[in-house]
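What follows is a short report on a single structure.
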Amino acid sequence: MKKLFVIVIVVLLSGCSGVHFHEYSKANFQQSAICKICGEAKGDVLTPDFVKHHIDNFISLNEIEQFTTIVDANQQQSVQTEATVEFKNYYQYQQDDSHNSEKGYIWNHLEMELVFFDDNAQEYGANYNVFLADYYDDVKFKDTYQYDKDNKINTFTVNYYGNDYQNCKLDITIKNNQWEKRSGEYRIVTTVVVNVLLPENYDGFVIGVRNSDVNYYESDYLYQYYDADNFVMHRMGVGQ
């Protein structure tokens with residue numbers, strides 16, 4: 001009996017059936033808390049800011065969406081103007097002549113095309129606001145977003161699997177902003193070109209356009225002035 005008792009104790013200590021005290025990592029946006037010893041998961045992932053604030057009207061690549069904004073008709077009056085928005089030409093790359101590679105990161109290229117087509121655009125031109133955000137932690141994104149004067153590029157931080165990636169970079173330019181003849185009619189066509197350096201496989205970067213009539217303060221976070229009727233946006237890395 002004594003020998004049998006010893007054997008049973010050895011079996012119990014060799015397993016992982018609750019004998020040890022779990023040492024859980026902190027949950028993050030991609031993964032729930034995980035025991036560092038046995039790998040047991042506990043609880044849920046953190047709730048992304050966009051889910052928390054019910055921001056979900058994304059459009060997919062190559063999907064065309066109607067967009068309404070305003071343009072100044074004169075010093076006293078603004079009028080509505082209509083456009084279509086399309087996100088297209090998405091691809092990833094390690095580096096090119098203008099953008100250097102960085103370990104653990106990858107460059108993402110995307111173009112946002114706006115085509116203004118109504119009578120008010122013909123008469124008064126076009127106006128719009130581009131906005132940027134982070135699906136998971138938009139507060140961190142906004143608080144860390146800044147312009148690096150030395151390298152002439154925008155920088156920011158995102159959190160991915162619990163780690164802060166502080167070397168994210170954004171290069172945003174206007175490729176064209178001109179009249180083009182399409183379907184027999186002249187349109188104002190603007191193409192916003194984005195090259196953004198993100199952690200590999202990261203899917204939280206958001207870009208879009210908002211109605212110029214939306215009022216907000218520079219210190220405001222997106223959720224404080226968001227209105228689905230006045231925004232068109234795309235979440236990079238989802239459905240591509």
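Ligands are numbered from 1 in the order shown, residues from 1 within each chain, and chains are lettered A, B, ... in the order they appear in the structure tokens.
Using only C-alpha atoms, the contacts of range 51-63 of chain A at a cut-off of 7 Å, with sequence neighbours closer than 4 positions omitted, comprise Thr47, Glu86, Phe87, Lys88, Tyr223, Ala228, Val232, Met233, His234, Arg235 and Gly239 of chain A.
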Residue list (strand (DSSP E), DSSP) for range 30-217 of chain A, as a PyMOL selection string:
chain A and resi 33-34+41-42+64-72+78-93+105-116+129-134+146-148+153-160+163-182+185-199+205-210
Using DSSP on the backbone coordinates, identify the residues of range 59-232 of chain A assigned to alpha helix (DSSP H); present them as number ranges by chain.
A: 119-124, 138-144
Dump all heavy atoms for the selected residues as an mmCIF file, in the first residue's frame?
data_model
loop_
_atom_site.group_PDB
_atom_site.id
_atom_site.type_symbol
_atom_site.label_atom_id
_atom_site.label_comp_id
_atom_site.auth_asym_id
_atom_site.auth_seq_id
_atom_site.Cartn_x
_atom_site.Cartn_y
_atom_site.Cartn_z
ATOM 1 N N ASP A 119 -24.095 69.062 -59.567
ATOM 2 C CA ASP A 119 -24.055 70.436 -60.081
ATOM 3 C C ASP A 119 -23.294 71.370 -59.146
ATOM 4 O O ASP A 119 -22.585 72.278 -59.604
ATOM 5 C CB ASP A 119 -25.480 70.963 -60.285
ATOM 6 C CG ASP A 119 -26.194 70.265 -61.432
ATOM 7 O OD1 ASP A 119 -25.495 69.654 -62.271
ATOM 8 O OD2 ASP A 119 -27.438 70.307 -61.479
ATOM 9 N N ASN A 120 -23.441 71.188 -57.835
ATOM 10 C CA ASN A 120 -22.735 72.062 -56.892
ATOM 11 C C ASN A 120 -21.223 71.882 -56.983
ATOM 12 O O ASN A 120 -20.461 72.844 -56.849
ATOM 13 C CB ASN A 120 -23.211 71.798 -55.462
ATOM 14 C CG ASN A 120 -24.572 72.413 -55.190
ATOM 15 O OD1 ASN A 120 -24.977 73.374 -55.854
ATOM 16 N ND2 ASN A 120 -25.295 71.882 -54.220
ATOM 17 N N ALA A 121 -20.787 70.638 -57.213
ATOM 18 C CA ALA A 121 -19.356 70.413 -57.414
ATOM 19 C C ALA A 121 -18.886 71.091 -58.698
ATOM 20 O O ALA A 121 -17.802 71.682 -58.757
ATOM 21 C CB ALA A 121 -19.062 68.925 -57.460
ATOM 22 N N GLN A 122 -19.725 71.012 -59.726
ATOM 23 C CA GLN A 122 -19.388 71.659 -60.993
ATOM 24 C C GLN A 122 -19.253 73.172 -60.807
ATOM 25 O O GLN A 122 -18.388 73.811 -61.401
ATOM 26 C CB GLN A 122 -20.487 71.365 -62.025
ATOM 27 C CG GLN A 122 -20.619 69.900 -62.410
ATOM 28 C CD GLN A 122 -19.648 69.474 -63.495
ATOM 29 O OE1 GLN A 122 -19.044 70.308 -64.150
ATOM 30 N NE2 GLN A 122 -19.492 68.176 -63.693
ATOM 31 N N GLU A 123 -20.106 73.716 -59.964
ATOM 32 C CA GLU A 123 -20.158 75.169 -59.790
ATOM 33 C C GLU A 123 -19.138 75.690 -58.776
ATOM 34 O O GLU A 123 -18.472 76.708 -59.006
ATOM 35 C CB GLU A 123 -21.559 75.575 -59.341
ATOM 36 C CG GLU A 123 -21.765 77.072 -59.159
ATOM 37 C CD GLU A 123 -21.829 77.814 -60.485
ATOM 38 O OE1 GLU A 123 -22.085 77.188 -61.530
ATOM 39 O OE2 GLU A 123 -21.594 79.034 -60.466
ATOM 40 N N TYR A 124 -18.994 74.968 -57.646
ATOM 41 C CA TYR A 124 -18.215 75.514 -56.532
ATOM 42 C C TYR A 124 -16.968 74.702 -56.161
ATOM 43 O O TYR A 124 -16.185 75.124 -55.308
ATOM 44 C CB TYR A 124 -19.107 75.626 -55.289
ATOM 45 C CG TYR A 124 -20.358 76.428 -55.510
ATOM 46 C CD1 TYR A 124 -21.619 75.817 -55.490
ATOM 47 C CD2 TYR A 124 -20.294 77.798 -55.768
ATOM 48 C CE1 TYR A 124 -22.776 76.550 -55.704
ATOM 49 C CE2 TYR A 124 -21.447 78.545 -55.987
ATOM 50 C CZ TYR A 124 -22.687 77.916 -55.956
ATOM 51 O OH TYR A 124 -23.827 78.642 -56.175
ATOM 52 N N ASP A 138 -7.998 53.526 -30.257
ATOM 53 C CA ASP A 138 -7.930 54.805 -30.959
ATOM 54 C C ASP A 138 -7.382 55.905 -30.068
ATOM 55 O O ASP A 138 -6.817 56.881 -30.552
ATOM 56 C CB ASP A 138 -9.317 55.186 -31.484
ATOM 57 C CG ASP A 138 -9.239 56.324 -32.496
ATOM 58 O OD1 ASP A 138 -8.364 56.256 -33.384
ATOM 59 O OD2 ASP A 138 -10.041 57.279 -32.395
ATOM 60 N N VAL A 139 -7.545 55.751 -28.755
ATOM 61 C CA VAL A 139 -7.001 56.744 -27.816
ATOM 62 C C VAL A 139 -5.472 56.735 -27.897
ATOM 63 O O VAL A 139 -4.836 57.789 -27.995
ATOM 64 C CB VAL A 139 -7.485 56.460 -26.382
ATOM 65 C CG1 VAL A 139 -6.777 57.381 -25.385
ATOM 66 C CG2 VAL A 139 -8.994 56.648 -26.283
ATOM 67 N N LYS A 140 -4.878 55.547 -27.868
ATOM 68 C CA LYS A 140 -3.415 55.454 -27.986
ATOM 69 C C LYS A 140 -2.948 56.005 -29.329
ATOM 70 O O LYS A 140 -1.943 56.713 -29.412
ATOM 71 C CB LYS A 140 -2.957 54.003 -27.826
ATOM 72 C CG LYS A 140 -1.438 53.826 -27.939
ATOM 73 C CD LYS A 140 -1.047 52.365 -27.853
ATOM 74 C CE LYS A 140 -1.291 51.796 -26.467
ATOM 75 N NZ LYS A 140 -0.346 52.381 -25.469
ATOM 76 N N PHE A 141 -3.675 55.672 -30.393
ATOM 77 C CA PHE A 141 -3.302 56.156 -31.722
ATOM 78 C C PHE A 141 -3.271 57.679 -31.755
ATOM 79 O O PHE A 141 -2.279 58.277 -32.187
ATOM 80 C CB PHE A 141 -4.282 55.621 -32.770
ATOM 81 C CG PHE A 141 -4.076 56.201 -34.140
ATOM 82 C CD1 PHE A 141 -3.102 55.685 -34.987
ATOM 83 C CD2 PHE A 141 -4.850 57.265 -34.582
ATOM 84 C CE1 PHE A 141 -2.904 56.224 -36.258
ATOM 85 C CE2 PHE A 141 -4.656 57.812 -35.844
ATOM 86 C CZ PHE A 141 -3.678 57.296 -36.676
ATOM 87 N N LYS A 142 -4.326 58.309 -31.299
ATOM 88 C CA LYS A 142 -4.404 59.770 -31.358
ATOM 89 C C LYS A 142 -3.369 60.410 -30.440
ATOM 90 O O LYS A 142 -2.732 61.408 -30.814
ATOM 91 C CB LYS A 142 -5.804 60.252 -30.988
ATOM 92 C CG LYS A 142 -5.951 61.771 -31.022
ATOM 93 C CD LYS A 142 -7.370 62.216 -30.819
ATOM 94 C CE LYS A 142 -7.467 63.730 -30.716
ATOM 95 N NZ LYS A 142 -6.872 64.420 -31.882
ATOM 96 N N ASP A 143 -3.196 59.854 -29.242
ATOM 97 C CA ASP A 143 -2.265 60.444 -28.282
ATOM 98 C C ASP A 143 -0.807 60.325 -28.714
ATOM 99 O O ASP A 143 0.037 61.109 -28.261
ATOM 100 C CB ASP A 143 -2.449 59.791 -26.912
ATOM 101 C CG ASP A 143 -3.763 60.186 -26.247
ATOM 102 O OD1 ASP A 143 -4.439 61.108 -26.757
ATOM 103 O OD2 ASP A 143 -4.122 59.570 -25.230
ATOM 104 N N THR A 144 -0.494 59.342 -29.575
ATOM 105 C CA THR A 144 0.903 59.157 -29.994
ATOM 106 C C THR A 144 1.177 59.673 -31.399
ATOM 107 O O THR A 144 2.338 59.748 -31.799
ATOM 108 C CB THR A 144 1.296 57.658 -29.938
ATOM 109 O OG1 THR A 144 0.427 56.900 -30.813
ATOM 110 C CG2 THR A 144 1.175 57.118 -28.520
#
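Minimum atom-to-atom distance to Thr191 in chain A, evaluated using only C-alpha atoms, belongs to A:Gln178 out of A:Gln178, A:Asn74, A:Gln95, A:Asn28.
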Please provide the set of residues having any atom within 8 Å of range 32-40 of chain A, restricted to only C-alpha atoms, with same-chain residues fewer than 5 positions apart removed, written as a PyMOL selection string.
chain A and resi 16+22-27+45-46
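Considering only C-alpha atoms, the residue among A:Phe231, A:Trp107, A:Tyr160, A:Tyr136 positioned nearest to Val209 in chain A is A:Phe231.
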Between A:Val115, A:Ala73, A:Val85, A:Ile106, single out the one closest to Arg187 in chain A, counting only C-alpha atoms.
A:Val115
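Take CA of Gln80 in chain A and CA of Thr68 in chain A: the distance between them is 6.7 Å.
One distance worth recording is that between CA of Asn167 in chain A and CA of Leu198 in chain A, which is 8.1 Å.
Rounded to one decimal, CA of Asn129 in chain A and CA of Asn211 in chain A lie 6.6 Å from each other.
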Fewer than 6 positions away in the same chain doesn't count, so skip those; otherwise give me all residues within 12 Å of Thr155 in chain A, counting only C-alpha atoms, as a PyMOL selection string.
chain A and resi 141-149+165-172+195-198
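If you measure from each of A:Asp44, A:Glu65, A:Asp49, A:Asp97 to Asp229 in chain A using only C-alpha atoms, the closest one turns out to be A:Glu65.
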